[in-house]
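> Dropping in coords-v1.csv, which is CSV, C-alpha atoms:
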chain,number,residue,atom,x,y,z
A,254,MET,CA,-2.5,-14.8,5.1
A,255,LYS,CA,-2.5,-11.4,6.7
A,256,PRO,CA,-0.1,-11.1,9.7
A,257,LEU,CA,-1.7,-11.2,13.1
A,258,VAL,CA,-1.8,-7.9,15.1
A,259,SER,CA,-2.0,-8.1,18.9
A,260,ILE,CA,-3.7,-5.1,20.4
A,261,ILE,CA,-2.8,-4.4,24.1
A,262,THR,CA,-5.4,-2.5,26.1
A,263,PRO,CA,-4.9,-2.0,29.9
A,264,MET,CA,-8.1,-1.1,31.8
A,265,TYR,CA,-8.8,0.5,35.1
A,266,ASN,CA,-12.2,1.8,36.0
A,267,SER,CA,-13.0,2.2,32.3
A,268,GLU,CA,-16.6,1.3,32.1
A,269,VAL,CA,-17.6,4.6,30.7
A,270,PHE,CA,-15.3,4.4,27.7
A,271,ILE,CA,-14.4,0.7,27.1
A,272,SER,CA,-17.4,-0.2,24.9
A,273,GLU,CA,-16.6,2.5,22.4
A,274,THR,CA,-12.9,1.6,22.5
A,275,ILE,CA,-13.6,-2.1,21.8
A,276,ASN,CA,-16.1,-1.2,19.1
A,277,SER,CA,-13.4,0.9,17.3
A,278,VAL,CA,-11.4,-2.3,17.1
A,279,LEU,CA,-14.3,-4.4,16.0
A,280,ASN,CA,-14.9,-1.9,13.2
A,281,GLN,CA,-11.4,-2.2,11.7
A,282,SER,CA,-11.2,-3.0,8.0
A,283,TYR,CA,-8.2,-5.2,8.8
A,284,ASN,CA,-9.6,-8.3,10.4
A,285,ASN,CA,-6.7,-10.5,11.5
A,286,TRP,CA,-6.2,-9.2,15.1
A,287,GLU,CA,-6.5,-10.2,18.7
A,288,LEU,CA,-7.5,-7.8,21.4
A,289,ILE,CA,-5.9,-8.4,24.8
A,290,LEU,CA,-7.7,-6.6,27.6
A,291,ILE,CA,-5.9,-6.4,30.9
A,292,ASP,CA,-8.0,-5.3,33.9
A,293,ASP,CA,-6.0,-3.7,36.7
A,294,CYS,CA,-8.4,-4.5,39.6
A,295,SER,CA,-11.1,-2.1,38.5
A,296,THR,CA,-13.7,-1.2,41.2
A,297,ASP,CA,-16.5,-0.4,38.7
A,298,ASN,CA,-18.2,-2.5,36.0
A,299,THR,CA,-15.3,-2.5,33.6
A,300,ILE,CA,-14.9,-6.3,33.8
A,301,ALA,CA,-18.6,-6.9,33.3
A,302,VAL,CA,-18.7,-4.7,30.2
A,303,ALA,CA,-15.5,-6.2,28.7
A,304,SER,CA,-16.8,-9.7,29.4
A,305,THR,CA,-19.9,-9.2,27.2
A,306,PHE,CA,-17.6,-8.5,24.3
A,307,GLN,CA,-15.3,-11.4,25.1
A,308,LEU,CA,-18.2,-13.9,25.1
A,309,LYS,CA,-19.2,-12.8,21.6
A,310,ASN,CA,-15.7,-12.5,20.0
A,311,LYS,CA,-13.2,-15.4,20.2
A,312,ASN,CA,-10.4,-13.0,19.3
A,313,ILE,CA,-11.0,-10.8,22.4
A,314,HIS,CA,-9.1,-12.1,25.5
A,315,LEU,CA,-9.6,-10.8,29.0
A,316,LEU,CA,-6.8,-11.0,31.6
A,317,LYS,CA,-7.1,-9.9,35.2
A,318,ASN,CA,-4.4,-8.7,37.6
A,319,THR,CA,-4.6,-10.0,41.2
A,320,LYS,CA,-3.6,-6.6,42.6
A,321,ASN,CA,-3.5,-3.1,41.2
A,322,ALA,CA,-0.1,-2.9,39.5
A,323,GLY,CA,-0.2,0.1,37.1
A,324,ALA,CA,-0.1,0.5,33.3
A,325,ALA,CA,3.4,-0.8,32.7
A,326,ILE,CA,2.9,-4.2,34.4
A,327,SER,CA,-0.6,-4.5,32.8
A,328,ARG,CA,0.8,-3.7,29.3
A,329,ASN,CA,3.6,-6.2,29.8
A,330,LYS,CA,1.2,-8.9,30.9
A,331,GLY,CA,-0.6,-8.3,27.6
A,332,ILE,CA,2.6,-8.3,25.6
A,333,ASN,CA,3.7,-11.5,27.1
A,334,ALA,CA,0.4,-13.2,26.2
A,335,ALA,CA,0.4,-11.8,22.7
A,336,ASN,CA,0.6,-14.1,19.7
A,337,GLY,CA,0.9,-11.5,17.0
A,338,ASP,CA,3.5,-10.7,14.4
A,339,TYR,CA,2.8,-7.0,15.2
A,340,ILE,CA,2.0,-5.4,18.6
A,341,ALA,CA,-0.2,-2.3,18.8
A,342,PHE,CA,-1.5,-0.3,21.8
A,343,LEU,CA,-4.8,1.2,22.5
A,344,ASP,CA,-5.7,2.7,25.9
A,345,ALA,CA,-9.2,2.0,27.3
A,346,ASP,CA,-10.4,5.6,26.6
A,347,ASP,CA,-9.0,6.1,23.1
A,348,LEU,CA,-10.4,5.3,19.7
A,349,TRP,CA,-9.1,4.1,16.3
A,350,LYS,CA,-10.4,5.0,12.9
A,351,PRO,CA,-11.7,2.0,10.9
A,352,ILE,CA,-8.7,2.1,8.5
A,353,LYS,CA,-6.1,2.4,11.2
A,354,LEU,CA,-4.6,-1.1,11.2
A,355,GLU,CA,-5.0,-1.7,7.5
A,356,THR,CA,-3.2,1.6,6.7
A,357,GLN,CA,-0.3,1.0,9.1
A,358,ILE,CA,0.3,-2.7,8.3
A,359,ARG,CA,0.4,-2.0,4.6
A,360,PHE,CA,2.8,0.9,5.2
A,361,MET,CA,5.1,-1.2,7.4
A,362,GLN,CA,5.2,-4.0,4.9
A,363,THR,CA,5.8,-1.7,1.9
A,364,HIS,CA,8.5,0.4,3.6
A,365,ASN,CA,10.3,-2.4,5.5
A,366,CYS,CA,9.4,-0.5,8.7
A,367,ASP,CA,9.8,-2.0,12.2
A,368,VAL,CA,8.3,0.9,14.2
A,369,CYS,CA,5.4,2.9,12.9
A,370,TYR,CA,3.1,5.6,14.3
A,371,SER,CA,0.7,8.2,12.8
A,372,SER,CA,-1.0,11.6,13.3
A,373,TYR,CA,-4.1,11.7,15.4
A,374,GLU,CA,-6.9,14.0,16.6
A,375,GLN,CA,-8.0,15.0,20.1
A,376,ILE,CA,-11.5,14.5,21.6
A,377,ASN,CA,-12.8,15.5,25.0
A,378,ASP,CA,-14.2,13.4,27.8
A,379,ASN,CA,-17.6,13.2,26.0
A,380,GLY,CA,-16.0,12.2,22.7
A,381,LYS,CA,-16.6,15.5,21.0
A,382,PRO,CA,-13.8,16.8,18.7
A,383,LEU,CA,-11.5,19.4,20.1
A,384,ASN,CA,-10.6,20.3,16.5
A,385,LYS,CA,-6.9,19.6,17.3
A,386,PHE,CA,-4.7,17.7,14.9
A,387,VAL,CA,-1.4,16.2,16.2
A,388,LYS,CA,0.9,15.8,13.3
A,389,ALA,CA,3.4,12.9,13.2
A,390,LEU,CA,7.0,13.6,12.3
A,391,PRO,CA,7.8,11.7,9.0
A,392,THR,CA,10.8,9.9,10.6
A,393,LEU,CA,12.0,9.7,14.2
A,394,SER,CA,15.5,8.7,15.1
A,395,TYR,CA,16.5,7.4,18.6
A,396,SER,CA,18.4,10.6,19.3
A,397,ARG,CA,15.4,12.7,18.5
A,398,LEU,CA,13.0,10.5,20.4
A,399,LEU,CA,15.3,10.8,23.4
A,400,LYS,CA,14.6,14.5,23.6
A,401,SER,CA,10.8,14.1,23.7
A,402,ASN,CA,8.2,11.4,23.0
A,403,TYR,CA,6.8,12.1,19.6
A,404,ILE,CA,4.9,8.8,19.3
A,405,GLY,CA,1.3,8.8,20.3
A,406,ASN,CA,1.0,5.5,22.1
A,407,LEU,CA,-2.5,4.8,20.6
A,408,THR,CA,-0.9,5.0,17.1
A,409,GLY,CA,2.3,3.0,17.7
A,410,ILE,CA,2.9,-0.4,16.3
A,411,TYR,CA,6.1,-2.5,16.3
A,412,ASN,CA,7.1,-5.6,14.4
A,413,ALA,CA,7.5,-8.3,17.1
A,414,LYS,CA,8.5,-10.9,14.6
A,415,VAL,CA,11.6,-8.9,13.8
A,416,LEU,CA,12.3,-7.1,17.1
A,417,GLY,CA,11.0,-9.6,19.5
A,418,LYS,CA,8.7,-8.7,22.3
A,419,ILE,CA,9.6,-5.4,23.9
A,420,ASN,CA,8.3,-4.7,27.3
A,421,ALA,CA,7.7,-1.4,29.2
A,422,PRO,CA,9.9,-0.6,32.2
A,423,ASN,CA,8.0,-0.5,35.5
A,424,LEU,CA,7.4,3.2,35.9
A,425,ARG,CA,3.9,4.5,36.8
A,426,LYS,CA,4.1,7.2,34.2
A,427,ARG,CA,5.8,7.7,30.8
A,428,GLN,CA,6.7,4.0,30.5
A,429,ASP,CA,5.3,4.0,26.9
A,430,TRP,CA,8.1,6.5,25.9
A,431,LEU,CA,10.7,4.1,27.2
A,432,LEU,CA,9.1,1.2,25.3
A,433,TRP,CA,9.3,3.2,22.0
A,434,LEU,CA,12.9,4.2,22.8
A,435,LYS,CA,13.8,0.5,23.2
A,436,ALA,CA,11.9,-0.5,20.1
A,437,VAL,CA,13.8,2.1,17.9
A,438,GLU,CA,17.1,1.2,19.5
A,439,VAL,CA,16.6,-2.5,18.8
A,440,SER,CA,15.5,-1.8,15.3
A,441,GLY,CA,18.5,0.3,14.5
A,442,LYS,CA,16.4,2.3,12.1
A,443,PRO,CA,14.3,5.4,12.6
A,444,ALA,CA,10.6,4.9,13.3
A,445,GLN,CA,8.4,6.1,10.5
A,446,GLY,CA,5.3,8.3,10.8
A,447,ILE,CA,2.2,8.3,8.7
A,448,GLN,CA,0.9,11.9,8.2
A,449,GLU,CA,-2.8,10.8,8.0
A,450,SER,CA,-4.8,10.9,11.2
A,451,LEU,CA,-5.7,7.3,12.2
A,452,ALA,CA,-6.9,7.7,15.8
A,453,TYR,CA,-8.6,9.8,18.4
A,454,TYR,CA,-6.9,10.6,21.7
A,455,ARG,CA,-9.2,11.5,24.6
A,456,VAL,CA,-7.9,14.5,26.5
A,457,ARG,CA,-9.1,13.9,30.1
A,458,LYS,CA,-9.7,16.5,32.8
A,459,ASN,CA,-6.6,16.8,35.1
A,460,ALA,CA,-4.4,15.1,32.5
A,461,MET,CA,-0.7,15.0,33.3
A,462,SER,CA,0.1,16.8,30.1
A,463,SER,CA,-1.7,19.9,31.3
A,464,ASN,CA,0.2,19.8,34.6
A,465,LYS,CA,3.7,21.0,33.6
A,466,PRO,CA,5.5,20.5,36.9
A,467,GLU,CA,4.1,16.9,37.1
A,468,LEU,CA,5.1,16.3,33.5
A,469,LEU,CA,8.7,17.5,34.2
A,470,LYS,CA,8.9,15.3,37.3
A,471,HIS,CA,8.0,12.2,35.4
A,472,ASN,CA,10.2,13.0,32.5
A,473,TYR,CA,13.2,13.4,34.9
A,474,ARG,CA,12.4,9.9,36.2
A,475,VAL,CA,12.5,8.6,32.7
A,476,TYR,CA,16.1,9.7,32.3
A,477,ARG,CA,17.2,8.9,35.9
A,478,LYS,CA,15.4,5.7,36.6
A,479,GLY,CA,14.3,4.4,33.3
A,480,LEU,CA,17.4,5.1,31.3
A,481,LYS,CA,19.7,5.3,34.4
A,482,PHE,CA,21.4,8.5,33.2
A,483,PRO,CA,23.6,10.4,35.7
A,484,VAL,CA,22.2,13.6,37.2
A,485,ILE,CA,24.1,16.0,34.8
A,486,LYS,CA,23.1,14.0,31.7
A,487,SER,CA,19.5,13.8,32.9
A,488,LEU,CA,19.4,17.6,33.5
A,489,TYR,CA,20.9,18.1,30.0
A,490,TYR,CA,18.1,16.1,28.4
A,491,MET,CA,15.5,17.9,30.5
A,492,PHE,CA,16.7,21.1,28.9
A,493,GLN,CA,16.5,19.4,25.5
A,494,PHE,CA,13.0,18.3,26.3
A,495,LEU,CA,11.9,21.9,27.1
A,496,ILE,CA,13.4,23.1,23.8
A,497,GLU,CA,11.6,20.4,21.8
A,498,HIS,CA,8.3,20.8,23.7
A,499,PHE,CA,8.0,24.6,23.3
A,500,PHE,CA,9.7,25.2,19.9
A,501,VAL,CA,8.9,22.0,18.0
A,502,LYS,CA,6.3,19.7,19.5
A,503,SER,CA,3.8,22.5,20.2
A,504,LYS,CA,3.9,23.5,16.5
A,505,LEU,CA,2.8,19.9,15.6
A,506,ILE,CA,-0.6,20.6,17.1
A,507,THR,CA,-2.8,22.5,14.7
A,508,THR,CA,-6.4,23.6,14.7
A,509,ILE,CA,-8.8,21.9,12.3
A,510,HIS,CA,-10.9,24.4,10.5
A,511,LYS,CA,-14.3,23.0,9.8
A,512,LYS,CA,-15.9,24.0,6.5
Translate the structure described by the file into structure tokens.


Amino acid sequence: MKPLVSIITPMYNSEVFISETINSVLNQSYNNWELILIDDCSTDNTIAVASTFQLKNKNIHLLKNTKNAGAAISRNKGINAANGDYIAFLDADDLWKPIKLETQIRFMQTHNCDVCYSSYEQINDNGKPLNKFVKALPTLSYSRLLKSNYIGNLTGIYNAKVLGKINAPNLRKRQDWLLWLKAVEVSGKPAQGIQESLAYYRVRKNAMSSNKPELLKHNYRVYRKGLKFPVIKSLYYMFQFLIEHFFVKSKLITTIHKK
């Protein structure tokens, strides 16, 4: 019997993208999964669209927040409801390739891996390729992950049967980074990256990653509020982040040359 994978997908005003996202799960070659959709009080037709899938698929579950709470609380609600041996994440505007789960679960079982992630590609709001490939580091220690988040959340999976359920701290932004830090810390082993691209990350207009001052502000909150580092230590790691971001991480994004 294949282990069950719980897929956590928070939603907020996602009616434009959610059908394509759910279909990328339905098209997985690995079939033992449950998809937990958590609606964060959408004001559009997100729930109506998601409900049509839920009615047709017994392994799709729809949860609803009573008030808008943000991604961290929504993800945690999904994690707490999960039944899987493994927990994976897929945001409501991103996509998986059909072999995503099969490739990662096989890799994790073969390599005794607790935390796994992969390379991925970027698409725009309309789903068109940006011809950008984001390469996964082969291994990722806690100390390296502390300097910058090298795990694309849409590619990350952790072994909940071994590590237990790991929740995200309640920060509005960058809470996924803290979740992966905790998972690697609990594991005691480096996370392992698959070099193959297994997913598509949608680069949205006005994304935080393109707003450097905003990105730095939220990173500082990760160190100060999420990890509770003193000011000096937080500033030290902010400096480390800048080094990683400009001299290492930027080089992991390469252009795909179409033949």

> Using all atoms listed in the file, find the one residue out of A:Asn266, A:Ser277, A:Tyr339, A:Val415 that sits nearest to Asn298 in chain A.

A:Asn266

> Between A:Leu354, A:Pro466, A:Glu497, A:Pro263, which has the minimum distance to Leu316 in chain A (counting all atoms listed in the file)?

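Smallest distance to Leu316 in chain A is found for A:Pro263.
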
> Have a look at CA of Arg477 in chain A and CA of Trp433 in chain A and let me know their distance in Å, one decimal.

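These two atoms are separated by 17.0 Å.
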
> Work out how far CA of Asn321 in chain A is from CA of Leu424 in chain A, in Å to one decimal.

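Atom-to-atom, CA of Leu424 in chain A to CA of Asn321 in chain A, that is 13.7 Å.
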
> I'd like the interatomic distance between CA of Glu273 in chain A and CA of Phe342 in chain A, to a tenth of an Å.

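Between CA of Glu273 in chain A and CA of Phe342 in chain A the gap works out to 15.4 Å.
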
> Select, from A:Ile332, A:Ile496, A:Cys369, A:Leu279, the residue with the minimum atom-to-atom distance to Lys442 in chain A, counting all atoms listed in the file.

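The answer is A:Cys369, which sits nearest to Lys442 in chain A.
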
> Determine the nearest neighbour of Asn336 in chain A from the options A:Ser259, A:Asn472, A:Ser282, A:Ser440, counting all atoms listed in the file.

A:Ser259
